[in-house]
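Novice: Here you go, one structure.
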Amino acid sequence: MMLIVGTFLWTGCSGFEEQLIYNDAQRAHNKKDFKTAIRLYSKLLEDDPHDKIHPDNAILRYDLGVAYIDSGQRRKAMEQVQALKKLKQKDLAKQLEKLLDIADTF
């Protein structure tokens, strides 16, 4: 089951380069290239010594969780649910959990 990632303007990025990486991740995800999407979303979540990339960005964690669901990596998707809860993003965490439940029925 393919879950299409919505098109968001990632407001957590501080620069044009990060926005391009995010856009590339979404394109890869929509083309079912989950490995690339996961790599790019993860890259944006990594700590950056210049503090240009925001590791606590909830939209990125949600998108990464969806990519994990689409690639069949349930445990890693649950890690993103937990990270969203830790960030007090209960609505996004709940939505990702629902997607996990739907994916489990296929």
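Residue names in the structure tokens use chain letters A, B, ... in the order shown, residue numbers from 1 in each chain, and ligand numbers from 1 in the order shown.
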Would you tabulate, counting only C-alpha atoms, all residues of range 62-104 of chain A that have an atom at most 12 Å from an atom of range 16-27 of chain A, showing the closest pair of atoms and their distance in Å to one decimal, sorted by chain then ascending number, as a tab-separated table?
Specialist:
residue	atom	partner	partner_atom	distance
A:Asp63	CA	A:Gln26	CA	8.4
A:Leu64	CA	A:Ala25	CA	9.4
A:Val66	CA	A:Gln26	CA	10.9
A:Ala67	CA	A:Gln26	CA	9.5
Novice: Env of Gly65 in chain A: 8 Å cut, atoms = only C-alpha atoms, seq-sep filter 2 positions within chain, self excluded. Answer as a list in words.
Specialist: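 Listed by chain and then number, they are Arg61, Tyr62, Asp63, Ala67, Tyr68, Ile69, Lys76, Ala77, Met78, Glu79, Gln80, Val81 and Leu96 of chain A.
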Novice: Give the answer as one residue: which of A:Asp56, A:Asp70, A:Leu99, A:Gln82 has the shortest atom-to-atom distance to Ile38 in chain A, using only C-alpha atoms?
Specialist: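 The answer is A:Asp70, which sits nearest to Ile38 in chain A.
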Novice: Please determine, counting only C-alpha atoms, which residue among A:Ala83, A:Gly15, A:Ala103, A:Asn30 has the shortest atom-to-atom distance to Ala58 in chain A.
Specialist: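 Going through A:Ala83, A:Gly15, A:Ala103, A:Asn30 one by one, the smallest distance to Ala58 in chain A is for A:Ala83.
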Novice: Measure the distance from CA of Asp33 in chain A to CA of Ser71 in chain A in Å and round it to one decimal.
Specialist: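 Pair CA of Asp33 in chain A / CA of Ser71 in chain A returns 8.9 Å.
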